[in-house]
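Source file: target_28.cif (mmCIF, C-alpha atoms and all ligand atoms)
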```cif
data_run
loop_
_atom_site.label_atom_id
_atom_site.label_comp_id
_atom_site.auth_asym_id
_atom_site.auth_seq_id
_atom_site.Cartn_x
_atom_site.Cartn_y
_atom_site.Cartn_z
CA MET A 1356 170.59 102.97 130.82
CA GLN A 1357 168.41 104.52 128.15
CA ILE A 1358 169.85 104.82 124.61
CA ILE A 1359 168.41 107.91 122.94
CA ARG A 1360 168.45 108.84 119.25
CA ASP A 1361 166.14 111.85 118.93
CA ARG A 1362 166.14 115.36 120.37
CA ASP A 1363 162.66 115.23 121.95
CA THR A 1364 163.38 112.05 123.90
CA LEU A 1365 166.73 113.52 124.98
CA ARG A 1366 165.09 116.71 126.23
CA ASN A 1367 162.54 114.75 128.30
CA ALA A 1368 165.12 112.32 129.70
CA VAL A 1369 167.51 115.12 130.74
CA ALA A 1370 164.58 117.02 132.30
CA ALA A 1371 163.74 113.90 134.34
CA LEU A 1372 167.36 113.68 135.54
CA ARG A 1373 167.24 117.34 136.51
CA GLU A 1374 164.04 116.84 138.51
CA ALA A 1375 165.94 114.35 140.65
CA GLY A 1376 168.26 117.27 141.60
CA GLY A 1377 172.04 117.59 141.48
CA ARG A 1378 174.39 118.32 138.64
CA VAL A 1379 174.37 116.70 135.21
CA ALA A 1380 177.69 115.79 133.52
CA LEU A 1381 178.29 115.18 129.82
CA VAL A 1382 181.06 112.94 128.44
CA PRO A 1383 181.26 113.35 124.63
CA THR A 1384 182.90 110.46 122.76
CA MET A 1385 183.17 108.88 119.34
CA GLY A 1386 182.66 105.39 120.82
CA ALA A 1387 184.95 102.32 120.70
CA LEU A 1388 185.26 102.92 124.40
CA HIS A 1389 188.29 102.03 126.51
CA ALA A 1390 189.55 102.72 130.03
CA GLY A 1391 190.35 106.35 129.09
CA HIS A 1392 186.68 107.02 128.38
CA MET A 1393 185.73 105.14 131.54
CA ALA A 1394 187.98 107.46 133.57
CA LEU A 1395 185.93 110.38 132.20
CA ILE A 1396 182.67 108.65 133.21
CA ALA A 1397 184.05 107.89 136.70
CA GLU A 1398 185.18 111.51 137.16
CA GLY A 1399 181.76 112.65 135.94
CA LYS A 1400 180.10 110.44 138.53
CA ARG A 1401 182.33 111.89 141.25
CA ARG A 1402 181.43 115.45 140.27
CA ALA A 1403 177.76 115.17 139.29
CA ARG A 1404 174.61 113.32 140.26
CA ALA A 1405 173.89 112.11 136.72
CA VAL A 1406 176.16 111.32 133.77
CA VAL A 1407 175.16 111.49 130.11
CA ALA A 1408 177.57 109.99 127.55
CA SER A 1409 177.35 110.72 123.85
CA ILE A 1410 178.61 108.55 121.02
CA PHE A 1411 178.77 110.23 117.64
CA VAL A 1412 181.44 109.64 115.02
CA ASN A 1413 181.40 113.21 113.78
CA PRO A 1414 182.05 113.30 110.01
CA THR A 1415 182.89 117.01 109.95
CA GLN A 1416 186.06 116.59 112.02
CA PHE A 1417 187.59 114.01 109.65
CA GLY A 1418 189.66 115.20 106.70
CA PRO A 1419 188.94 113.80 103.22
CA ASN A 1420 191.82 111.32 103.46
CA GLU A 1421 191.23 110.33 107.08
CA ASP A 1422 189.64 107.24 108.62
CA LEU A 1423 185.93 108.16 108.89
CA ALA A 1424 184.75 104.97 107.17
CA ALA A 1425 187.19 102.71 109.05
CA TYR A 1426 186.67 104.33 112.47
CA PRO A 1427 185.68 101.52 114.90
CA ARG A 1428 181.96 101.38 115.66
CA ARG A 1429 180.72 98.97 118.33
CA GLU A 1430 177.76 100.54 120.04
CA ALA A 1431 176.43 97.40 121.78
CA THR A 1432 179.74 96.78 123.60
CA ASP A 1433 180.06 100.50 124.39
CA ALA A 1434 176.52 100.62 125.83
CA ALA A 1435 177.25 97.62 128.06
CA MET A 1436 180.44 99.30 129.36
CA LEU A 1437 178.60 102.55 130.05
CA GLU A 1438 175.77 100.75 131.83
CA GLU A 1439 178.28 98.85 133.98
CA ALA A 1440 179.99 102.16 134.86
CA GLY A 1441 176.70 103.64 136.05
CA CYS A 1442 176.14 106.05 133.17
CA ASP A 1443 172.53 107.31 133.17
CA LEU A 1444 171.86 108.08 129.50
CA LEU A 1445 173.51 107.40 126.17
CA TRP A 1446 172.89 110.04 123.51
CA ALA A 1447 173.63 108.33 120.18
CA PRO A 1448 172.21 110.44 117.35
CA ASP A 1449 172.72 109.56 113.69
CA VAL A 1450 174.31 111.89 111.14
CA ALA A 1451 170.95 113.13 109.78
CA THR A 1452 169.82 114.08 113.30
CA MET A 1453 173.00 116.11 113.92
CA TYR A 1454 173.33 117.55 110.42
CA PRO A 1455 169.89 117.67 108.78
CA ALA A 1456 169.50 118.87 105.20
CA GLY A 1457 170.24 122.58 105.04
CA PHE A 1458 172.71 122.60 107.96
CA ALA A 1459 175.03 125.54 107.26
CA THR A 1460 176.77 126.69 110.45
CA THR A 1461 180.39 126.28 111.48
CA VAL A 1462 181.85 127.24 114.84
CA SER A 1463 185.46 128.29 114.30
CA VAL A 1464 187.84 128.97 117.19
CA GLY A 1465 190.94 131.02 116.33
CA GLY A 1466 194.37 131.24 117.96
CA VAL A 1467 194.65 128.02 119.86
CA THR A 1468 193.65 126.00 116.76
CA GLU A 1469 196.39 127.42 114.55
CA GLY A 1470 199.29 125.04 115.16
CA LEU A 1471 199.82 121.38 116.03
CA ASP A 1472 196.79 119.27 115.01
CA GLY A 1473 195.06 122.39 113.68
CA ALA A 1474 197.86 122.71 111.13
CA ALA A 1475 198.22 118.96 110.49
CA ARG A 1476 194.45 118.34 110.17
CA PRO A 1477 192.94 121.38 108.38
CA GLY A 1478 189.29 121.92 109.35
CA HIS A 1479 189.46 119.36 112.16
CA PHE A 1480 188.85 121.78 115.01
CA ASN A 1481 186.00 123.51 113.16
CA GLY A 1482 184.28 120.12 113.11
CA VAL A 1483 185.08 119.52 116.78
CA ALA A 1484 183.98 123.01 117.90
CA THR A 1485 180.75 122.80 115.92
CA VAL A 1486 179.74 119.37 117.18
CA VAL A 1487 180.75 120.11 120.78
CA THR A 1488 178.68 123.33 120.70
CA LYS A 1489 175.71 121.29 119.48
CA LEU A 1490 176.21 118.56 122.10
CA LEU A 1491 176.48 121.16 124.88
CA ASN A 1492 173.29 122.87 123.68
CA GLN A 1493 171.42 119.60 123.27
CA VAL A 1494 172.25 118.18 126.71
CA ALA A 1495 172.80 121.49 128.58
CA PRO A 1496 175.03 119.83 131.20
CA ASP A 1497 176.47 121.60 134.24
CA ILE A 1498 179.88 120.08 133.53
CA ALA A 1499 181.50 118.41 130.53
CA LEU A 1500 184.59 116.20 130.72
CA PHE A 1501 187.35 115.83 128.14
CA GLY A 1502 190.63 113.91 128.19
CA GLU A 1503 194.07 115.50 128.34
CA LYS A 1504 195.15 112.91 125.74
CA ASP A 1505 193.60 115.29 123.19
CA PHE A 1506 195.28 118.26 124.85
CA GLN A 1507 194.77 120.81 122.08
CA GLN A 1508 191.11 119.79 121.78
CA LEU A 1509 190.67 120.46 125.51
CA ALA A 1510 192.27 123.91 125.11
CA VAL A 1511 190.04 124.66 122.09
CA ILE A 1512 186.92 123.70 124.03
CA ARG A 1513 187.96 125.83 127.01
CA ARG A 1514 188.44 128.80 124.63
CA LEU A 1515 185.09 128.13 122.91
CA VAL A 1516 183.18 127.95 126.20
CA ALA A 1517 184.82 131.12 127.54
CA ASP A 1518 184.36 133.09 124.31
CA LEU A 1519 180.71 132.12 123.75
CA ASP A 1520 179.74 132.39 127.46
CA LEU A 1521 178.49 128.81 127.41
CA PRO A 1522 177.11 128.00 130.88
CA VAL A 1523 179.14 124.84 131.50
CA GLU A 1524 182.24 123.95 133.49
CA ILE A 1525 184.90 122.13 131.45
CA VAL A 1526 186.84 119.46 133.32
CA GLY A 1527 190.08 117.98 131.93
CA VAL A 1528 190.94 114.41 132.93
CA ALA A 1529 194.50 112.95 133.03
CA THR A 1530 195.51 110.52 130.30
CA GLU A 1531 194.96 106.82 130.98
CA ARG A 1532 197.90 104.72 129.79
CA ASP A 1533 198.64 101.08 129.10
CA ASP A 1534 201.25 99.37 131.28
CA ASP A 1535 204.06 100.34 128.89
CA GLY A 1536 203.01 103.99 128.92
CA LEU A 1537 201.15 104.19 125.59
CA ALA A 1538 198.16 106.52 125.92
CA LEU A 1539 194.91 104.59 125.41
CA SER A 1540 193.21 105.57 122.18
CA SER A 1541 190.52 104.02 120.01
CA ARG A 1542 192.97 104.24 117.10
CA ASN A 1543 195.50 101.97 118.88
CA ALA A 1544 193.31 99.14 117.55
CA TYR A 1545 194.77 99.87 114.09
CA LEU A 1546 198.30 98.89 115.25
CA ASP A 1547 199.57 95.39 114.47
CA PRO A 1548 201.52 93.63 117.26
CA ALA A 1549 204.95 94.85 116.09
CA GLN A 1550 203.68 98.42 115.71
CA ARG A 1551 202.01 98.21 119.11
CA THR A 1552 205.39 97.30 120.64
CA ALA A 1553 207.14 100.11 118.77
CA ALA A 1554 204.46 102.61 119.82
CA ARG A 1555 205.79 102.74 123.38
CA ALA A 1556 208.63 104.87 121.99
CA LEU A 1557 206.20 107.81 121.84
CA PRO A 1558 205.58 108.22 125.59
CA ARG A 1559 209.21 107.28 126.25
CA ALA A 1560 210.57 109.92 123.89
CA LEU A 1561 208.30 112.54 125.44
CA GLY A 1562 209.28 111.47 128.95
CA GLU A 1563 212.98 111.65 128.11
CA ALA A 1564 212.61 115.09 126.52
CA ALA A 1565 210.44 116.41 129.38
CA SER A 1566 213.05 115.30 131.93
CA ALA A 1567 215.85 116.92 129.93
CA ILE A 1568 213.95 120.22 129.72
CA GLU A 1569 213.12 120.06 133.42
CA ARG A 1570 216.86 119.56 134.13
CA GLY A 1571 217.52 122.77 132.27
CA GLU A 1572 218.86 121.36 129.01
CA PRO A 1573 218.14 123.42 125.89
CA VAL A 1574 214.61 122.86 124.60
CA ALA A 1575 215.71 122.57 120.95
CA ALA A 1576 218.16 119.77 121.81
CA ALA A 1577 215.55 117.89 123.85
CA LEU A 1578 213.01 118.15 121.01
CA ALA A 1579 215.62 117.00 118.48
CA LEU A 1580 216.42 113.99 120.68
CA ALA A 1581 212.72 113.04 120.89
CA HIS A 1582 212.50 113.36 117.09
CA ARG A 1583 215.48 111.04 116.70
CA ARG A 1584 214.07 108.47 119.15
CA LEU A 1585 210.76 108.42 117.25
CA GLY A 1586 212.54 107.98 113.94
CA GLU A 1587 214.65 105.11 115.36
CA ALA A 1588 211.45 103.38 116.53
CA GLY A 1589 209.98 103.53 113.02
CA PHE A 1590 207.73 106.59 113.36
CA GLY A 1591 207.33 108.76 110.28
CA PRO A 1592 206.29 111.24 109.23
CA ILE A 1593 206.52 113.12 112.52
CA ASP A 1594 203.98 115.97 112.39
CA TYR A 1595 205.40 117.79 115.41
CA VAL A 1596 207.28 117.51 118.67
CA LEU A 1597 206.92 120.88 120.40
CA LEU A 1598 207.03 122.55 123.77
CA CYS A 1599 204.01 124.86 124.07
CA ASP A 1600 202.27 127.21 126.44
CA ALA A 1601 199.58 124.93 127.93
CA VAL A 1602 196.79 127.53 127.50
CA THR A 1603 197.53 129.29 124.21
CA LEU A 1604 199.43 126.33 122.71
CA ALA A 1605 201.90 128.78 121.19
CA PRO A 1606 205.28 127.03 120.75
CA ILE A 1607 207.93 128.18 123.22
CA ASP A 1608 211.65 127.56 123.16
CA ARG A 1609 212.33 128.20 126.82
CA LEU A 1610 210.43 126.80 129.78
CA ASP A 1611 209.93 130.21 131.35
CA ASP A 1612 208.37 131.60 128.15
CA ALA A 1613 205.01 130.09 129.23
CA THR A 1614 204.33 133.22 131.26
CA GLY A 1615 201.94 132.42 134.08
CA HIS A 1616 200.91 129.14 132.46
CA GLU A 1617 202.19 125.59 132.56
CA ALA A 1618 204.27 124.26 129.70
CA ARG A 1619 203.27 121.15 127.75
CA LEU A 1620 205.28 118.90 125.48
CA LEU A 1621 203.14 117.62 122.60
CA ALA A 1622 203.81 115.22 119.75
CA ALA A 1623 201.99 113.66 116.81
CA ALA A 1624 203.50 111.08 114.50
CA LYS A 1625 202.51 108.23 112.28
CA LEU A 1626 203.51 104.63 112.83
CA GLY A 1627 202.81 102.53 109.75
CA GLY A 1628 200.03 104.91 108.72
CA VAL A 1629 198.42 105.07 112.18
CA ARG A 1630 198.53 108.60 113.57
CA LEU A 1631 199.26 108.75 117.31
CA ILE A 1632 199.31 111.79 119.57
CA ASP A 1633 200.54 112.26 123.12
CA ASN A 1634 201.57 115.02 125.51
CA LEU A 1635 203.17 115.54 128.89
CA LYS A 1636 203.30 118.32 131.43
CA VAL A 1637 206.73 119.89 131.82
CA ALA A 1638 207.21 121.36 135.27
CA PRO A 1639 209.29 124.48 135.81
CA ARG A 1640 212.25 123.99 138.14
N1 LIG A 1701 193.73 107.63 127.21
C1 LIG A 1701 192.82 108.54 127.52
N2 LIG A 1701 192.76 109.05 128.76
C2 LIG A 1701 191.82 109.98 129.08
N3 LIG A 1701 190.89 110.45 128.22
C3 LIG A 1701 190.91 109.97 126.97
C4 LIG A 1701 191.86 108.98 126.56
N4 LIG A 1701 191.63 108.69 125.25
C5 LIG A 1701 190.58 109.45 124.87
N5 LIG A 1701 190.15 110.21 125.90
C6 LIG A 1701 189.09 111.21 125.85
O1 LIG A 1701 187.86 110.61 125.55
C7 LIG A 1701 187.05 111.55 124.85
C8 LIG A 1701 186.53 110.90 123.61
O2 LIG A 1701 187.62 110.63 122.76
P1 LIG A 1701 187.52 109.69 121.50
O3 LIG A 1701 186.21 108.99 121.50
O4 LIG A 1701 187.98 110.39 120.30
O5 LIG A 1701 188.57 108.57 121.90
P2 LIG A 1701 190.04 108.40 121.48
O6 LIG A 1701 190.53 107.16 122.08
O7 LIG A 1701 190.75 109.69 121.72
O8 LIG A 1701 189.90 108.14 119.95
P3 LIG A 1701 190.89 108.50 118.81
O9 LIG A 1701 191.70 107.29 118.68
O10 LIG A 1701 189.89 108.77 117.77
O11 LIG A 1701 191.67 109.73 119.15
C9 LIG A 1701 187.94 112.77 124.55
O12 LIG A 1701 187.67 113.76 125.52
C10 LIG A 1701 189.31 112.18 124.71
O13 LIG A 1701 190.28 113.14 125.07
C1 LIG A 1702 184.99 115.67 121.54
C2 LIG A 1702 184.55 114.75 120.42
C3 LIG A 1702 183.57 113.71 120.94
C4 LIG A 1702 183.82 115.59 119.37
O1 LIG A 1702 183.41 114.80 118.31
C5 LIG A 1702 185.76 114.06 119.75
O2 LIG A 1702 186.60 114.97 119.16
C6 LIG A 1702 186.48 113.13 120.67
O3 LIG A 1702 186.00 112.00 120.80
O4 LIG A 1702 187.50 113.53 121.27
N1 LIG A 1703 190.18 112.00 119.68
C1 LIG A 1703 189.93 113.24 118.98
C2 LIG A 1703 189.03 113.03 117.85
C3 LIG A 1703 189.71 112.82 116.55
O1 LIG A 1703 190.87 112.44 116.50
O2 LIG A 1703 189.04 113.05 115.55
#
```

Is it possible to express this structure as structure tokens?
Ligand SMILES: Nc1ncnc2c1ncn2[C@@H]1O[C@H](COP(=O)(O)OP(=O)(O)OP(=O)(O)O)[C@@H](O)[C@H]1O
Ligand SMILES: CC(C)(CO)[C@@H](O)C(=O)[O-]
Ligand code: BAL
Amino acid sequence: MQIIRDRDTLRNAVAALREAGGRVALVPTMGALHAGHMALIAEGKRRARAVVASIFVNPTQFGPNEDLAAYPRREATDAAMLEEAGCDLLWAPDVATMYPAGFATTVSVGGVTEGLDGAARPGHFNGVATVVTKLLNQVAPDIALFGEKDFQQLAVIRRLVADLDLPVEIVGVATERDDDGLALSSRNAYLDPAQRTAARALPRALGEAASAIERGEPVAAALALAHRRLGEAGFGPIDYVLLCDAVTLAPIDRLDDATGHEARLLAAAKLGGVRLIDNLKVAPR
């Protein structure tokens, strides 16, 4: 697997993949790969002839008090995992290649970015939308795969691609979880053993609330119960626990308010300073 750091080499390598025929898939990541990322690569391999992964810890999507400096970086291990999974190319540009002197453009998606992580992490989705637009233009894949773990991000990227007529199919991939239900995330590495044990309360609280809502119990009561469960497990502050329309991400307080769309239960909360997110589908009865 070739590791590429400059635009010209990338262009030539992708052209060579295209000459072999078939579709090209892109899996954008920030590295520190785990089985969730590998599920995206595997789905890419099922849907396309060639898979390009990118690793870029994008500074513009981190807030000033977030973990940009501490974010785990282990490219050699990541490259070995990608090679083993049959990934064809690794696009691993540095910050100066992505944002050269004079860079002055921001891609800003409205609506779907307004609440949830968009509210809790101001500017975050501008950084995501800008870098994803660049990655899509650089690689020009036929399909690009993103995890449902970052559910709002997936919705933002779907909106971006539709609004800007970007010629790519966006594929969402189900969340990979540890045995106790915790969604895999690079940031789980920040949890100490006691926090890691406590963290299972997040998927459990969401599961309990989703079942209650599916049984027809009032949404507000189910959300309040999830809040309480998270607090009891040591989570705090809790940024949000909300039932939302799965496409617009507008909060809803009744399951049938998600007109024509699925409903999604989403939460974000800190455990000892580590911010975790998770979400679950809530099926109408
Ligand atoms: N558990 C998971 N299951 C499926 N996809 C995932 C999972 N975790 C991350 N992804 C997806 O992998 C892609 C790259 O994500 P990223 O590199 O930020 O990893 P991450 O584990 O989400 O890291 P972080 O801890 O920073 O949120 C995104 O599309 C993300 O949704
Ligand atoms: C999509 C992404 C690679 C953009 O930097 C990032 O937000 C991520 O890893 O989910
Ligand atoms: N996993 C989404 C990228 C981020 O949290 O910055």

Exercise for the section: Taking all atoms listed in the file into account, report as an MDAnalysis selection string which residues have an atom no farther than 6 Å from an atom of ligand LIG 1702 (chain A). Expected result: chainID A and resid 1383:1385 1413 1483 1486:1487

Exercise for the section: Using all atoms listed in the file, determine which residues lie at most 8 Å from Gly1589 in chain A, disregarding the query and same-chain residues fewer than 6 positions distant; provide the list as a list in words. Expected result: Ala1553, Leu1626 and Gly1627 of chain A

Handout entry: Ref. answer, residues at most 10 Å from (200.6, 125.2, 126.3) with all atoms listed in the file, as a PyMOL selection string
Key = chain A and resi 1467+1506-1507+1510+1597-1607+1613+1616-1621+1636-1637

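Counting from CA of Glu1587 in chain A, the distance to CA of Asp1633 in chain A is 17.6 Å.
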
Practice task
Using all atoms listed in the file, find the one residue out of A:Asp1594, A:Asp1361, A:Asp1449, A:Asp1533 that sits nearest to ligand LIG 1701 (chain A).
Solution key: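 Selected residue with least distance to ligand LIG 1701 (chain A): A:Asp1533.
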
Handout entry: Closest of A:Ser1540, A:Gly1457, A:Ile1632, A:Leu1519 to Leu1561 in chain A - atom-to-atom distances counting only C-alpha atoms
Key =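 Closest to Leu1561 in chain A of all the choices is A:Ile1632.
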
Completion exercise
In terms of only C-alpha atoms and all ligand atoms, the residue from A:Leu1557, A:Val1574, A:Ala1638, A:Val1412 at minimal distance from ligand LIG 1703 (chain A) is A:Val1412

Exercise for the section: Could you give me the residues within 8 Å of ligand LIG 1701 (chain A), counting all atoms listed in the file, as a PyMOL selection string? Expected result: chain A and resi 1382-1392+1394-1395+1410+1426+1500-1506+1508-1509+1528-1532+1538-1543+1631-1632

Need the axis-aligned box for range 1606-1617 of chain A with 6 Å each side, so what are the centre and edges in Å to one decimal, as lines of an AutoDock Vina configuration file?
```
center_x = 206.6
center_y = 129.4
center_z = 127.4
size_x = 23.4
size_y = 19.6
size_z = 25.3
```

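Residue nearest ligand LIG 1703 (chain A) within the list A:Pro1592, A:Gly1562, A:Pro1548, A:Gly1478: A:Gly1478 [criterion: smallest interatomic distance, all atoms listed in the file].
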
Problem - Counting only C-alpha atoms, the option among A:Ala1495, A:Ala1579, A:Leu1471, A:Ala1622 closest to Ala1370 in chain A - result: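 Closest to Ala1370 in chain A of all the choices is A:Ala1495.
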
Handout entry: CA of Glu1421 in chain A to CA of Ala1484 in chain A, straight-line distance in Å
Key =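 If I compute the distance from CA of Ala1484 in chain A to CA of Glu1421 in chain A, I get 18.2 Å.
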
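Nearest residue to Gly1418 in chain A among A:Ala1447, A:Ala1567, A:Ala1475, A:Cys1442 is A:Ala1475, counting only C-alpha atoms.
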
Handout entry: Gap from CA of Thr1485 in chain A to CA of Tyr1454 in chain A - Å, one decimal
Key = 10.6 Å

What's the 10 Å shell around Ala1556 in chain A, counting all atoms listed in the file, without same-chain residues fewer than 6 positions away, as a PDB file with C-alpha atoms, in the frame of the given file?
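Listed below is the output, around-v8.pdb:
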```pdb
ATOM      1  CA  ASP A1535     204.060 100.340 128.890  1.00  0.00           C
ATOM      2  CA  GLY A1536     203.010 103.990 128.920  1.00  0.00           C
ATOM      3  CA  LEU A1537     201.150 104.190 125.590  1.00  0.00           C
ATOM      4  CA  GLY A1562     209.280 111.470 128.950  1.00  0.00           C
ATOM      5  CA  ALA A1581     212.720 113.040 120.890  1.00  0.00           C
ATOM      6  CA  ARG A1584     214.070 108.470 119.150  1.00  0.00           C
ATOM      7  CA  LEU A1585     210.760 108.420 117.250  1.00  0.00           C
ATOM      8  CA  GLY A1586     212.540 107.980 113.940  1.00  0.00           C
ATOM      9  CA  GLU A1587     214.650 105.110 115.360  1.00  0.00           C
ATOM     10  CA  ALA A1588     211.450 103.380 116.530  1.00  0.00           C
ATOM     11  CA  GLY A1589     209.980 103.530 113.020  1.00  0.00           C
ATOM     12  CA  PHE A1590     207.730 106.590 113.360  1.00  0.00           C
TER      13      PHE A1590
END
```

Exercise for the section: Tell me, as JSON, numbers by chain, which residues lie within 7 Å of Pro1496 in chain A, counting only C-alpha atoms; anything in the same chain fewer than 5 positions away does not count. Expected result: {"A": [1379, 1380, 1381, 1491, 1523]}
